[in-house]
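J.: Pasting in a structure now, in structure tokens, and then I'll have a few things to ask.
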Amino acid sequence: MPRYKTVEQVLSLMKDITRVRNIGIIAHVDHGKTTTSDTLLAASGIISQKVAGEALALDYLSVEQQRGITVKAANVSLYHEAEGKGYVINLIDTPGHVDFSGRVTRSLRILDGSIVVVDSVEGVMTQTETVLRQSLEERVRPILFINKVDRLVKELKLSPQEVQKKLTDLIMEVNNLIEMYAEPEFKEQWRIRPELGNVVFGSAKDKWGFTVPMAAKKGVKFSDVVTAYSSGDKSKIEELSAKAPIHEALLDAVIKLVPNPRDAQKYRIPKIWKGDLDNELAKAMLNADPNGPIVLMINDMKVDPHAGLVATGRVFSGTLRAGEEIWLVNAKKQQRVLQVSLYMGATRELAEEIPAGNIAAALGLDSARSGETAVDIKFKDSNVGSFESLHYVSEPVVTISVEPKNPKDLTKMIDALRKLSIEDPNLVVKINEETGEYLLSGMGFLHLEVSLQLLKENYGVDVVTTPPIIVYRESIRAKSQIFEGKSPNKHNKLYISVEPLNNETIELIANGTIKEDMENKEMAKILRDSAGWDYDEAKKIVAIDENINVFIDATSGVQHLREVMDTIIQGYRLAMKEGPLAFEPVRGVKVVLHDAVIHEDPAHRGPAQLYPAVRNAIFAGFLTAKPTLLEPLQKLDIRVPMEYVGSVSGVITRKRGKVLDMSQTGNVARITAEIPVSESFELASELRAASAGRAFWGTEFSRWAPVPDSLLTDIIMKIRERKGKPKQLPKVEDFLS
């Protein structure tokens, strides 16, 4: 196969947008994403064919090589020929472990197609469903790759007919997910149909694979696969690889079925762009115009030890060149692009320019963060819009306290933590103002472990940590009466009640359907139709905070209120950051301002006066509305032989878990369950012990749920003690002075 090995040749192809494809490889952990990437890199001449499948070329961090998992999303631009034409395929290998799902979310924003890798034996797992759902939500077209087909022969000893039956069932399962999660206009078009070639069967490790059309063309049958592996003859497997190379099957499918960037942007921009579709920028993006104004969506920030911060993103319009001034919409800053390059695995290759439709790296955009929209500087003073916020399927729920082993490394550690949190927005770094502790919050235990390893390997900082702490949320289960909150000078009075948000509202805010910056009428209509709100009340929402709480101004004709409303809202946001029970964030609460008395003199109604008034009224209401703590629950998807179901169910029960569903295929049971994250410390070893090592499972964040009443007071007191707070719980009277 011809290979373009020079950057110049790849760059020249990038200028023809019909020859460009942007794809990602997504899957459940250990289903073979990175091995698949290796085979594609080898086919393009980037790594040796001999080490493909073992090199883990896109797992370029030592932590990835050691743990055998992908942590970061790695980019590479590949060359492939189909029907005599050359194409550039911008490929991203994404993590599969749930703790790194935020990187999948950020990658999908800049892609048009996804190769969904599924292990033929394990089938669709929890994280498979999650990443496929994410792909469909971003209007990224999926291609299915059923990997490790050899396991059906070597381990399950299936006949050719049984192999085909197993694969058909798996395709049906994926199609059910597409039916469930795809938008109506894409359901039929994106269904997996073997005869169309949008499913590849193969083994990435053994480097063979084929679609149904390719098999017909080359005379390959499933019986050939069964014969090759049943015989144990390596030469037969090599013949299969020579006759039906995996890279050809996958990349031909990508070129045939994944749209070029211009075609994809026509239907993706209306979904992911938050702004007027009739302005100059939007029109240029809809056409992926290389001569239009520059629009760059930054999906990732990396710290290069030599070059500093490197922004990675997709050029949706215009052409990215060194020396150009651009405007960062979210950061509200003007910055100059110092250098432009494209990715070739772990390395970046310099380029004079990267045109619309391609993925680029840029130096000089130090103020940018993941999710940033960068536009032509001439739009600096106009409200042109930006890309929709990224919505993560999980959130940080585990926290540790860190301090350097060597006290002299404190400044070094602080700088390293800052850089880590820039590279990984799902890693949250906070300082406990009272104790001076540095707190690191992550998606799960593995996320924090890997972050600490990166801290040591990349920045030379060795740290001492506390045992992991589970993050809770505070909430209420009833509606309060109206309470009066007075300012310290007694000149301002606010009359506030609180009540719980219903689940429908929480879901609408969590998935981004309802956002603070929406038009009130649009928001009110959605809440009325989908969550049962009174339309007039919904129109009065004036703030929605990051932890899913809303603030409603239900007042009428209050003097001077408009002048101080921003201060009151800020007071509400501060109150939501630390609730009265355990100083944990508040979640799922509706705060209603019914009336107010505001002093006419601005000197008597500043933040020092209004913040306490807001907080006191909210907290008094909170304590009378059946307050509780919410704990994070983890969803488990377990496959285990039937004889071990009782033992595995016992583990789940002991950990305060609940079995949600159970099904059986042959001698294998599939158990879906939920357990509290706080009970999952030794989960892996206990499941292995209960199943004699024969269970395999996936996990993902499920939801927030009330802590059992029997444990509530004990957990609150332990959190208060850990935070150095008074041991007695506050009373309503404490907030009504």
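To be explicit about the labels: the chains of the structure tokens are called A, B, and onward in the order shown, and within each one the residues are counted from 1, while ligands get numbers from 1 in the order they are shown.
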Which of segment 209-458 of chain A counts as alpha helix (DSSP H) under DSSP, as a PyMOL selection string please?
T.: chain A and resi 212-218+222-231+234-243+246-257+261-272+280-286+410-423+445-458
J.: Counting only C-alpha atoms, what is within 7 Å of segment 564-576 of chain A, bar same-chain residues fewer than 5 positions away, as a VMD selection string?
T.: chain A and resid 543 545 585 to 586 607 610 to 611 614 to 615
J.: Got time to write the residues from that selection, N, CA and C atoms, as a CSV table (one decimal), in the first residue's frame?
T.:
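Resulting contents of part.csv:
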```csv
chain,number,residue,atom,x,y,z
A,543,ALA,N,-31.4,32.6,37.8
A,543,ALA,CA,-30.1,32.0,37.9
A,543,ALA,C,-30.2,30.5,38.1
A,545,ASP,N,-27.3,27.4,39.0
A,545,ASP,CA,-25.9,27.3,39.3
A,545,ASP,C,-25.3,25.9,38.9
A,585,PRO,N,-21.5,20.9,48.7
A,585,PRO,CA,-22.3,21.6,47.8
A,585,PRO,C,-23.8,21.2,47.8
A,586,VAL,N,-24.7,22.2,47.6
A,586,VAL,CA,-26.1,21.9,47.6
A,586,VAL,C,-26.5,21.5,46.1
A,607,PRO,N,-22.5,43.8,49.3
A,607,PRO,CA,-22.4,42.4,49.5
A,607,PRO,C,-22.3,42.0,50.9
A,610,LEU,N,-26.0,42.0,52.0
A,610,LEU,CA,-26.9,41.1,51.3
A,610,LEU,C,-26.6,39.7,51.3
A,611,TYR,N,-25.2,39.4,51.3
A,611,TYR,CA,-24.8,37.9,51.3
A,611,TYR,C,-25.4,37.2,52.5
A,614,VAL,N,-29.2,36.7,52.3
A,614,VAL,CA,-29.6,35.6,51.4
A,614,VAL,C,-29.3,34.2,52.0
A,615,ARG,N,-28.1,34.1,52.5
A,615,ARG,CA,-27.7,32.8,53.1
A,615,ARG,C,-28.6,32.4,54.3
```
J.: Expressed in Å to a single decimal, how great is the separation between atom CA of Ile237 of chain A and atom CA of Leu144 of chain A?
T.: 22.2 Å
J.: Need to verify the contact set: segment 422-426 of chain A, 6 Å, only C-alpha atoms, exclusion of same-chain residues closer than 2 positions in sequence. Can you return it as a compact mmCIF listing (two decimals) with C-alpha atoms, in the first residue's frame?
T.:
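Final output, saved to selection_13.txt:
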```
# COMPACT_ATOMS: atom_id res chain seq x y z
CA MET A 301 -4.86 21.55 26.43
CA LYS A 302 -1.54 19.78 26.91
CA LYS A 419 -0.97 22.35 34.97
CA LEU A 420 -2.61 18.96 35.57
```
J.: Just give me the gap between atom CA of Ala673 of chain A and atom CA of Val398 of chain A in Å, one decimal is fine.
T.: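 That distance, rounded to one decimal, is 20.0 Å.
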J.: Counting only C-alpha atoms, which residue out of A:Ala182, A:Ile476, A:Val450, A:Leu13 sits closest to Glu499 of chain A?
T.: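 The answer is A:Ile476, which sits nearest to Glu499 of chain A.
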J.: Using only C-alpha atoms, can you tell me which of A:Pro290, A:Pro468, A:Pro580, A:Gly197 comes closest to Thr628 of chain A?
T.: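 When distances to Thr628 of chain A are compared using only C-alpha atoms, the smallest one comes from A:Pro580.
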J.: For a quick check of understanding, using only C-alpha atoms, which of A:His491, A:Arg587, A:Arg473, A:Arg605 has the smallest distance to Asn503 of chain A?
T.: A:Arg587
